[in-house]
$ cat work.tsv   # TSV, C-alpha atoms
chain	number	residue	atom	x	y	z
A	36	MET	CA	23.92	41.55	7.97
A	37	THR	CA	24.09	39.21	5.00
A	38	ASP	CA	22.38	40.54	1.94
A	39	GLN	CA	19.20	38.46	1.47
A	40	PRO	CA	17.94	37.58	-2.00
A	41	THR	CA	14.81	39.45	-3.04
A	42	PRO	CA	12.13	38.18	-5.40
A	43	SER	CA	13.28	40.57	-8.12
A	44	ARG	CA	16.87	39.42	-7.73
A	45	LEU	CA	15.80	35.79	-7.88
A	46	ARG	CA	13.85	36.51	-11.05
A	47	ARG	CA	16.91	38.24	-12.50
A	48	TYR	CA	19.17	35.28	-11.74
A	49	ALA	CA	16.62	32.58	-12.56
A	50	PRO	CA	17.65	32.15	-16.22
A	51	ARG	CA	21.27	31.78	-15.13
A	52	ILE	CA	20.32	29.24	-12.47
A	53	VAL	CA	18.26	27.22	-14.96
A	54	LEU	CA	21.10	27.35	-17.48
A	55	ALA	CA	23.61	26.21	-14.87
A	56	LEU	CA	21.39	23.31	-13.80
A	57	GLY	CA	20.90	22.35	-17.42
A	58	VAL	CA	24.63	22.33	-17.99
A	59	LEU	CA	25.16	20.15	-14.90
A	60	VAL	CA	22.51	17.66	-16.04
A	61	ALA	CA	23.95	17.60	-19.54
A	62	VAL	CA	27.45	17.01	-18.18
A	63	ALA	CA	26.21	14.20	-15.93
A	64	ILE	CA	24.29	12.51	-18.73
A	65	GLY	CA	27.21	12.97	-21.08
A	66	ALA	CA	29.53	11.34	-18.56
A	67	VAL	CA	27.18	8.35	-18.29
A	68	PHE	CA	27.00	8.02	-22.07
A	69	ALA	CA	30.77	8.25	-22.43
A	70	ALA	CA	31.25	5.56	-19.81
A	71	THR	CA	28.83	3.01	-21.29
A	72	PRO	CA	31.53	0.74	-22.79
A	73	LEU	CA	33.32	0.55	-19.44
A	74	LEU	CA	30.08	-0.06	-17.53
A	75	ARG	CA	28.96	-2.86	-19.89
A	76	ILE	CA	25.63	-1.16	-20.61
A	77	PRO	CA	24.09	-0.13	-23.95
A	78	GLY	CA	25.35	2.92	-25.77
A	79	PRO	CA	23.96	6.46	-25.95
A	80	THR	CA	21.36	5.76	-28.64
A	81	THR	CA	19.67	3.02	-26.61
A	82	LEU	CA	19.82	5.07	-23.42
A	83	ALA	CA	18.20	7.99	-25.22
A	84	HIS	CA	15.37	5.74	-26.42
A	85	LEU	CA	14.85	4.50	-22.86
A	86	LEU	CA	14.20	8.10	-21.84
A	87	SER	CA	11.64	8.68	-24.59
A	88	ASP	CA	10.05	5.42	-25.76
A	89	PRO	CA	6.95	3.93	-24.06
A	90	PRO	CA	7.92	1.11	-21.66
A	91	SER	CA	5.66	-1.31	-23.52
A	92	THR	CA	7.89	-1.05	-26.61
A	93	GLN	CA	11.31	-1.10	-24.99
A	94	GLY	CA	11.82	-4.81	-25.52
A	95	GLY	CA	12.77	-3.95	-29.08
A	96	LEU	CA	15.85	-2.09	-27.85
A	97	PHE	CA	17.62	-5.22	-26.60
A	98	GLU	CA	18.84	-8.53	-27.90
A	99	SER	CA	16.33	-11.34	-27.43
A	100	ARG	CA	15.68	-15.05	-27.77
A	101	THR	CA	12.64	-16.07	-29.78
A	102	VAL	CA	10.02	-18.26	-28.14
A	103	PRO	CA	8.25	-19.77	-31.17
A	104	ALA	CA	4.49	-19.88	-31.45
A	105	ALA	CA	2.94	-23.26	-30.74
A	106	PRO	CA	2.89	-25.77	-33.61
A	107	THR	CA	-0.83	-26.09	-32.89
A	108	PRO	CA	-2.24	-22.74	-31.75
A	109	ARG	CA	-5.29	-22.74	-29.48
A	110	PRO	CA	-7.18	-19.46	-29.92
A	111	PHE	CA	-9.81	-18.62	-27.35
A	112	PRO	CA	-13.38	-19.16	-28.53
A	113	ALA	CA	-15.06	-15.77	-28.86
A	114	ALA	CA	-18.13	-15.07	-26.74
A	115	PRO	CA	-18.56	-11.29	-26.74
A	116	ALA	CA	-20.34	-9.90	-23.71
A	117	PRO	CA	-20.88	-6.29	-22.63
A	118	LEU	CA	-18.98	-4.84	-19.72
A	119	PRO	CA	-20.75	-2.84	-17.01
A	120	ASP	CA	-21.47	0.78	-17.86
A	121	THR	CA	-19.17	1.96	-15.05
A	122	VAL	CA	-16.49	0.63	-12.71
A	123	PRO	CA	-15.30	1.85	-9.30
A	124	TRP	CA	-12.40	4.27	-9.55
A	125	LYS	CA	-10.87	6.35	-6.77
A	126	GLY	CA	-14.03	6.89	-4.77
A	127	SER	CA	-16.46	7.26	-7.66
A	128	ARG	CA	-17.66	5.35	-10.68
A	129	VAL	CA	-16.42	6.02	-14.20
A	130	PRO	CA	-17.05	4.49	-17.64
A	131	VAL	CA	-14.72	1.64	-18.52
A	132	ALA	CA	-13.29	3.69	-21.39
A	133	GLU	CA	-12.33	6.44	-18.96
A	134	PHE	CA	-10.60	3.92	-16.68
A	135	LEU	CA	-8.64	2.49	-19.62
A	136	ALA	CA	-7.57	5.93	-20.80
A	137	ALA	CA	-6.64	7.15	-17.32
A	138	THR	CA	-4.32	4.18	-16.81
A	139	GLY	CA	-2.52	4.32	-20.16
A	140	THR	CA	-3.95	0.99	-21.30
A	141	ASN	CA	-2.71	-0.54	-24.55
A	142	SER	CA	-4.51	-3.89	-24.41
A	143	PHE	CA	-7.42	-5.11	-22.28
A	144	LEU	CA	-8.82	-8.64	-22.42
A	145	VAL	CA	-11.42	-10.43	-20.33
A	146	VAL	CA	-11.73	-14.20	-20.56
A	147	ARG	CA	-14.68	-15.87	-18.83
A	148	ASP	CA	-14.75	-19.63	-18.43
A	149	GLY	CA	-12.23	-20.04	-21.23
A	150	LYS	CA	-14.01	-17.77	-23.72
A	151	LEU	CA	-12.84	-14.35	-24.85
A	152	SER	CA	-15.63	-11.98	-23.86
A	153	THR	CA	-13.81	-8.62	-24.17
A	154	GLU	CA	-10.88	-7.63	-26.38
A	155	TRP	CA	-9.89	-3.96	-26.62
A	156	TYR	CA	-6.80	-2.27	-28.00
A	157	ARG	CA	-5.84	1.37	-28.22
A	158	SER	CA	-5.10	2.83	-31.62
A	159	GLY	CA	-1.85	1.46	-33.02
A	160	VAL	CA	-1.98	-1.76	-30.99
A	161	GLY	CA	-3.61	-5.02	-32.04
A	162	PRO	CA	-3.90	-8.75	-31.34
A	163	THR	CA	-0.43	-9.52	-32.74
A	164	THR	CA	1.39	-6.62	-31.06
A	165	LYS	CA	4.10	-7.81	-28.68
A	166	GLN	CA	4.38	-5.78	-25.49
A	167	SER	CA	6.83	-5.97	-22.65
A	168	SER	CA	5.43	-7.62	-19.56
A	169	TRP	CA	8.10	-6.38	-17.14
A	170	SER	CA	7.71	-8.28	-13.83
A	171	VAL	CA	4.86	-10.43	-15.13
A	172	ALA	CA	7.79	-12.51	-16.41
A	173	LYS	CA	8.64	-13.37	-12.80
A	174	SER	CA	5.40	-15.31	-12.48
A	175	VAL	CA	6.13	-17.20	-15.71
A	176	VAL	CA	9.56	-18.17	-14.33
A	177	SER	CA	7.76	-19.55	-11.29
A	178	LEU	CA	5.68	-21.89	-13.44
A	179	LEU	CA	8.87	-23.24	-15.03
A	180	VAL	CA	10.36	-23.72	-11.56
A	181	GLY	CA	7.28	-25.66	-10.52
A	182	ARG	CA	7.86	-28.15	-13.31
A	183	ALA	CA	11.51	-28.55	-12.31
A	184	VAL	CA	10.51	-29.15	-8.68
A	185	GLU	CA	7.97	-31.77	-9.70
A	186	ALA	CA	10.63	-33.50	-11.83
A	187	GLY	CA	13.07	-33.57	-8.94
A	188	GLU	CA	15.58	-31.38	-10.77
A	189	LEU	CA	15.22	-28.62	-8.18
A	190	ARG	CA	14.14	-28.52	-4.54
A	191	GLU	CA	12.95	-25.50	-2.63
A	192	GLU	CA	15.42	-26.42	0.14
A	193	ASP	CA	18.38	-26.29	-2.26
A	194	ARG	CA	20.95	-23.62	-1.57
A	195	LEU	CA	21.59	-21.25	-4.44
A	196	VAL	CA	25.36	-21.65	-4.16
A	197	ASP	CA	25.10	-25.43	-4.44
A	198	ILE	CA	23.67	-24.87	-7.91
A	199	LEU	CA	25.80	-21.83	-8.79
A	200	PRO	CA	28.99	-22.47	-6.77
A	201	GLU	CA	30.75	-19.52	-8.38
A	202	LEU	CA	28.59	-17.24	-6.20
A	203	ALA	CA	29.72	-18.71	-2.86
A	204	ASN	CA	31.56	-16.12	-0.75
A	205	GLY	CA	31.66	-17.57	2.77
A	206	THR	CA	29.00	-15.23	4.17
A	207	GLU	CA	25.30	-15.56	5.02
A	208	TYR	CA	24.71	-15.17	1.29
A	209	ASP	CA	25.67	-18.84	0.98
A	210	THR	CA	22.58	-19.85	2.98
A	211	ILE	CA	20.05	-18.42	0.48
A	212	THR	CA	17.62	-21.11	-0.68
A	213	ILE	CA	15.43	-21.52	-3.73
A	214	ARG	CA	12.38	-21.10	-1.47
A	215	GLN	CA	13.65	-17.73	-0.25
A	216	LEU	CA	14.23	-16.56	-3.80
A	217	LEU	CA	10.73	-17.67	-4.78
A	218	ASP	CA	9.14	-15.78	-1.90
A	219	MET	CA	11.31	-12.62	-2.14
A	220	ALA	CA	13.02	-13.29	1.17
A	221	SER	CA	16.70	-13.57	0.21
A	222	GLY	CA	17.85	-10.23	1.59
A	223	VAL	CA	20.17	-9.57	-1.38
A	224	ASP	CA	20.84	-5.84	-1.44
A	225	VAL	CA	19.91	-4.68	-4.94
A	226	SER	CA	17.47	-1.77	-4.73
A	227	GLU	CA	14.31	-1.57	-6.82
A	228	ASN	CA	15.46	1.52	-8.67
A	229	TYR	CA	13.69	2.00	-12.01
A	230	ASN	CA	14.82	5.57	-12.65
A	231	PRO	CA	16.02	5.84	-16.28
A	232	TYR	CA	17.78	9.09	-15.42
A	233	TRP	CA	19.99	7.26	-12.93
A	234	PRO	CA	20.67	3.91	-14.56
A	235	LEU	CA	23.81	2.94	-12.68
A	236	THR	CA	22.33	1.38	-9.54
A	237	GLY	CA	19.89	-1.32	-8.49
A	238	THR	CA	17.38	-2.89	-10.84
A	239	ALA	CA	17.93	-0.20	-13.46
A	240	ARG	CA	21.57	-1.25	-13.74
A	241	MET	CA	20.60	-4.95	-13.78
A	242	TYR	CA	18.15	-4.16	-16.59
A	243	LEU	CA	20.89	-2.50	-18.63
A	244	THR	CA	23.88	-4.69	-17.92
A	245	GLU	CA	25.37	-6.71	-20.75
A	246	ASP	CA	26.79	-9.22	-18.27
A	247	LEU	CA	24.21	-10.55	-15.79
A	248	ALA	CA	26.61	-13.15	-14.39
A	249	ASP	CA	29.06	-10.40	-13.51
A	250	PHE	CA	26.27	-8.24	-12.06
A	251	VAL	CA	25.00	-10.86	-9.61
A	252	SER	CA	28.56	-11.73	-8.63
A	253	ASP	CA	29.21	-8.07	-7.82
A	254	HIS	CA	26.00	-7.80	-5.75
A	255	ARG	CA	26.23	-10.37	-2.97
A	256	ALA	CA	25.85	-8.02	-0.01
A	257	LEU	CA	22.77	-8.58	2.16
A	258	ARG	CA	20.28	-6.07	3.48
A	259	PHE	CA	18.91	-8.55	6.03
A	260	ALA	CA	19.41	-12.18	6.99
A	261	PRO	CA	17.98	-14.57	4.39
A	262	GLY	CA	14.52	-15.77	5.38
A	263	SER	CA	14.03	-13.17	8.12
A	264	ARG	CA	11.49	-11.07	6.19
A	265	GLY	CA	10.02	-10.46	2.76
A	266	ASP	CA	11.19	-7.58	0.58
A	267	TYR	CA	10.54	-7.24	-3.13
A	268	ARG	CA	13.80	-7.58	-5.05
A	269	SER	CA	14.01	-8.32	-8.78
A	270	VAL	CA	17.47	-9.79	-8.26
A	271	ASP	CA	15.82	-12.73	-6.48
A	272	THR	CA	14.08	-13.76	-9.71
A	273	GLN	CA	17.22	-13.25	-11.75
A	274	LEU	CA	19.09	-15.63	-9.45
A	275	LEU	CA	16.17	-18.05	-9.56
A	276	GLY	CA	16.15	-18.03	-13.36
A	277	MET	CA	19.90	-18.59	-13.52
A	278	ALA	CA	19.63	-21.55	-11.15
A	279	LEU	CA	16.77	-23.01	-13.20
A	280	ALA	CA	18.69	-22.68	-16.47
A	281	LYS	CA	21.69	-24.36	-14.84
A	282	VAL	CA	19.83	-27.43	-13.59
A	283	GLU	CA	17.85	-27.79	-16.82
A	284	GLY	CA	20.86	-27.22	-19.07
A	285	LYS	CA	18.84	-24.93	-21.35
A	286	PRO	CA	18.15	-21.19	-21.53
A	287	LEU	CA	14.84	-19.95	-20.17
A	288	GLY	CA	13.47	-19.11	-23.62
A	289	GLU	CA	13.87	-22.70	-24.76
A	290	LEU	CA	12.31	-24.02	-21.56
A	291	LEU	CA	9.34	-21.70	-21.98
A	292	ALA	CA	8.89	-22.72	-25.62
A	293	GLN	CA	8.91	-26.44	-24.89
A	294	GLN	CA	7.25	-26.61	-21.51
A	295	ILE	CA	4.56	-23.92	-21.62
A	296	TRP	CA	4.30	-21.95	-24.88
A	297	ALA	CA	3.67	-25.01	-27.06
A	298	PRO	CA	1.26	-26.78	-24.64
A	299	ILE	CA	-0.92	-23.68	-24.09
A	300	GLY	CA	-1.20	-23.19	-27.84
A	301	ALA	CA	0.44	-19.76	-28.00
A	302	GLU	CA	-0.65	-18.05	-31.19
A	303	ASP	CA	2.41	-15.87	-31.73
A	304	ASP	CA	6.14	-15.85	-31.17
A	305	ALA	CA	7.36	-14.19	-27.98
A	306	LEU	CA	10.71	-12.51	-27.42
A	307	TRP	CA	12.64	-12.78	-24.17
A	308	ASN	CA	15.27	-10.08	-23.81
A	309	LEU	CA	18.88	-11.09	-23.14
A	310	ASP	CA	21.77	-9.30	-21.51
A	311	ARG	CA	23.66	-9.46	-24.84
A	312	ALA	CA	23.63	-11.34	-28.14
A	313	GLY	CA	23.70	-15.06	-27.38
A	314	GLY	CA	23.59	-14.31	-23.66
A	315	GLN	CA	21.07	-15.15	-20.96
A	316	GLU	CA	17.53	-14.05	-20.29
A	317	LYS	CA	16.62	-11.20	-18.00
A	318	ALA	CA	14.54	-13.54	-15.87
A	319	PHE	CA	13.13	-10.75	-13.72
A	320	CYS	CA	11.44	-8.99	-16.63
A	321	CYS	CA	11.35	-8.52	-20.36
A	322	LEU	CA	9.19	-11.29	-21.79
A	323	ASN	CA	7.51	-9.62	-24.78
A	324	ALA	CA	4.32	-11.24	-26.04
A	325	THR	CA	0.76	-10.58	-27.12
A	326	ALA	CA	-2.12	-9.97	-24.74
A	327	ARG	CA	-3.87	-13.10	-26.01
A	328	ASP	CA	-0.92	-15.32	-25.16
A	329	PHE	CA	-0.49	-13.74	-21.74
A	330	ALA	CA	-4.18	-14.51	-21.19
A	331	LYS	CA	-3.39	-18.17	-21.95
A	332	ILE	CA	-0.93	-18.12	-19.02
A	333	GLY	CA	-3.74	-16.91	-16.79
A	334	GLN	CA	-6.11	-19.54	-18.14
A	335	LEU	CA	-3.49	-22.23	-17.49
A	336	VAL	CA	-3.36	-21.22	-13.83
A	337	LEU	CA	-7.15	-20.93	-13.60
A	338	ASP	CA	-7.52	-24.46	-14.99
A	339	GLY	CA	-5.29	-25.95	-12.33
A	340	GLY	CA	-2.25	-26.19	-14.60
A	341	ARG	CA	-4.09	-28.18	-17.29
A	342	VAL	CA	-4.65	-27.59	-20.98
A	343	GLY	CA	-7.39	-29.95	-22.04
A	344	ALA	CA	-6.33	-33.39	-20.83
A	345	THR	CA	-2.67	-32.42	-20.46
A	346	GLN	CA	-1.24	-31.50	-17.06
A	347	VAL	CA	1.27	-28.76	-17.95
A	348	ILE	CA	1.97	-27.34	-14.47
A	349	PRO	CA	1.79	-29.72	-11.48
A	350	PRO	CA	-1.34	-29.28	-9.32
A	351	ALA	CA	0.91	-28.98	-6.25
A	352	TRP	CA	2.58	-25.95	-7.83
A	353	ILE	CA	-0.74	-24.29	-8.61
A	354	GLU	CA	-1.53	-24.73	-4.92
A	355	ARG	CA	1.88	-23.28	-4.05
A	356	ILE	CA	1.40	-20.09	-6.05
A	357	SER	CA	-2.19	-19.81	-4.81
A	358	THR	CA	-1.09	-19.74	-1.16
A	359	PRO	CA	0.62	-16.65	0.26
A	360	ALA	CA	3.97	-17.33	1.90
A	361	PRO	CA	4.33	-16.59	5.64
A	362	LEU	CA	6.25	-13.36	5.01
A	363	PRO	CA	4.27	-10.58	3.26
A	364	VAL	CA	5.87	-8.44	0.58
A	365	ILE	CA	5.03	-4.71	0.53
A	366	ASP	CA	2.05	-5.48	2.81
A	367	TRP	CA	0.49	-7.90	0.32
A	368	GLY	CA	0.46	-11.65	0.22
A	369	TYR	CA	3.09	-13.15	-2.04
A	370	GLY	CA	3.77	-16.75	-2.90
A	371	ALA	CA	6.31	-18.16	-5.35
A	372	GLN	CA	6.38	-15.03	-7.54
A	373	TRP	CA	2.59	-14.54	-7.63
A	374	TRP	CA	0.75	-11.71	-5.84
A	375	HIS	CA	-2.21	-11.97	-3.45
A	376	PRO	CA	-3.67	-8.49	-2.90
A	377	THR	CA	-5.28	-7.49	0.36
A	378	GLY	CA	-8.79	-8.72	1.01
A	379	ALA	CA	-10.46	-12.07	1.51
A	380	GLU	CA	-10.78	-12.88	-2.19
A	381	PRO	CA	-8.93	-15.99	-3.44
A	382	ASP	CA	-7.70	-14.14	-6.53
A	383	LEU	CA	-4.05	-14.04	-7.55
A	384	MET	CA	-2.10	-12.23	-10.20
A	385	ALA	CA	1.11	-11.48	-12.01
A	386	ILE	CA	1.98	-7.78	-11.91
A	387	GLY	CA	4.55	-5.76	-13.82
A	388	VAL	CA	5.67	-2.18	-13.37
A	389	TYR	CA	3.99	0.43	-15.62
A	390	GLY	CA	0.66	-1.39	-15.30
A	391	GLN	CA	0.98	-4.95	-16.61
A	392	TYR	CA	-1.42	-7.54	-15.16
A	393	ILE	CA	-2.54	-11.12	-15.53
A	394	TYR	CA	-5.44	-11.36	-13.07
A	395	VAL	CA	-6.96	-14.74	-12.15
A	396	ASP	CA	-10.20	-15.11	-10.18
A	397	PRO	CA	-11.03	-18.80	-9.65
A	398	PRO	CA	-14.58	-18.42	-8.21
A	399	SER	CA	-15.86	-16.51	-11.24
A	400	ARG	CA	-13.62	-18.34	-13.73
A	401	THR	CA	-12.30	-14.98	-14.93
A	402	VAL	CA	-8.93	-14.01	-16.40
A	403	ILE	CA	-8.14	-10.35	-17.12
A	404	VAL	CA	-5.07	-9.09	-18.97
A	405	LYS	CA	-4.18	-5.41	-18.93
A	406	LEU	CA	-0.98	-4.14	-20.59
A	407	SER	CA	-0.27	-0.46	-20.08
A	408	ASP	CA	2.12	2.47	-20.01
A	409	HIS	CA	1.02	3.90	-16.68
A	410	GLY	CA	4.18	4.91	-14.81
A	411	THR	CA	5.86	3.33	-11.81
A	412	THR	CA	3.10	4.47	-9.42
A	413	GLN	CA	0.40	2.64	-11.30
A	414	ASP	CA	-2.69	2.75	-9.05
A	415	GLU	CA	-2.45	-0.97	-8.37
A	416	ALA	CA	-4.98	-1.18	-5.55
A	417	GLU	CA	-7.56	0.85	-7.49
A	418	THR	CA	-6.97	-1.20	-10.65
A	419	ILE	CA	-7.43	-4.44	-8.75
A	420	ALA	CA	-10.71	-3.09	-7.39
A	421	VAL	CA	-11.83	-2.67	-11.00
A	422	PHE	CA	-10.80	-6.25	-11.83
A	423	ARG	CA	-12.69	-7.58	-8.83
A	424	ALA	CA	-15.79	-5.62	-9.79
A	425	LEU	CA	-15.63	-6.95	-13.35
A	426	ALA	CA	-15.12	-10.52	-12.14
A	427	ALA	CA	-18.16	-10.18	-9.84
A	428	THR	CA	-20.37	-9.16	-12.77
A	429	GLY	CA	-19.56	-12.34	-14.67
$ encode --input "work.tsv" --output "structure tokens"
Amino acid sequence: MTDQPTPSRLRRYAPRIVLALGVLVAVAIGAVFAATPLLRIPGPTTLAHLLSDPPSTQGGLFESRTVPAAPTPRPFPAAPAPLPDTVPWKGSRVPVAEFLAATGTNSFLVVRDGKLSTEWYRSGVGPTTKQSSWSVAKSVVSLLVGRAVEAGELREEDRLVDILPELANGTEYDTITIRQLLDMASGVDVSENYNPYWPLTGTARMYLTEDLADFVSDHRALRFAPGSRGDYRSVDTQLLGMALAKVEGKPLGELLAQQIWAPIGAEDDALWNLDRAGGQEKAFCCLNATARDFAKIGQLVLDGGRVGATQVIPPAWIERISTPAPLPVIDWGYGAQWWHPTGAEPDLMAIGVYGQYIYVDPPSRTVIVKLSDHGTTQDEAETIAVFRALAATG
């Protein structure tokens, strides 16, 4: 009979087992660090910071393009108003402060009918603190696309490879359209891996690469036929942003500065992270800005794409993002890079991993911005329930 391990023997060997596992992990991490020049990803110092720094601050680890503040800033008029004593949270009701603490909130703003009614920051964060928006940037890219569509520079029926012919490979990939990229229905097989301890695959690798053009060229396999179903893939927005920059002849940061940031009266510079110095924007993430200026994006959508008398985003595009596409994404409605959570409410929002939100509720004329460090499983449904409750009390 084979000698079976006993609890005492396991306890005796446990330190050796832990040491061996530690050595294996160290060797694996060391191998990744040593290979960074060959992999075209940042070096060991940056990778170490990615393992330790809060996600909201990680934009400072990468090269970026500045999006200048508006020549004529438009601060929100202040109209302070108390929040409810409690909000719904996971089957009970808790004070708002407890909700903010439990979800790692850094900034929390409520704008009602164009007036700033609530502005809260955790210690160490303030009105001029830039924070990474992660996938909230996807929704901003959509607004830029809407302008290009209105101008006739881009059509939703356009094939990606007709704009970026270097990506054509003679497979079904060549049939991918701008509409499919907008609605997360391309089928491009790049997994949504955010694990910083395994940065060599999927979105984590796309986030780190110093050559986005090479990355998308190397990832043209399909998981399903384009247009056959919806499936959240950050690579779709990266391809969308690259196509937009190509037809406009300008990088995304310049387009944002001219077409949105200046018209909305952004109060502060933003930074859009690049794959390398002088390179191209990470369209799928990495727009770093203040909570107040993100709130102006929400207000722009709430106001039908207008700022005062100026139509900044075409009304047809506001309708487009306000209408879920036929194919759901992760069981929620999704339309042109904007989310429509379950329920009958006509609200819509931009959402980023780790708990970043621009929430827009047209009936109550409410915009809520929440920027957080809340992990990849960020209690989205419960957080949205809080937003809906706050909007209803307006």
$ residues_around --input "work.tsv" --residues "segment 100-104 of chain A" --least-positions-apart "5" --cutoff "9 Å" --atoms "all atoms listed in the file" --output "ChimeraX atom specification"
/A:288-289,291-293,296-297,300-309,312-316
$ atom_distance --input "work.tsv" --atom1 "atom CA of Pro110 of chain A" --atom2 "atom CA of Ala324 of chain A"
14.7 Å
$ atom_distance --input "work.tsv" --atom1 "atom CA of Cys320 of chain A" --atom2 "atom CA of Gly159 of chain A"
23.5 Å
$ closest_residue --input "work.tsv" --among "A:Thr153, A:Ser99, A:Gln215, A:Thr401" --to "Leu287 of chain A" --atoms "only C-alpha atoms"
A:Ser99
$ closest_residue --input "work.tsv" --among "A:Thr212, A:Gln346, A:Ser170, A:Thr418" --to "Lys317 of chain A" --atoms "all atoms listed in the file"
A:Ser170
$ closest_residue --input "work.tsv" --among "A:Gly429, A:Gly333, A:Gly339, A:Pro286" --to "Val404 of chain A" --atoms "only C-alpha atoms"
A:Gly333
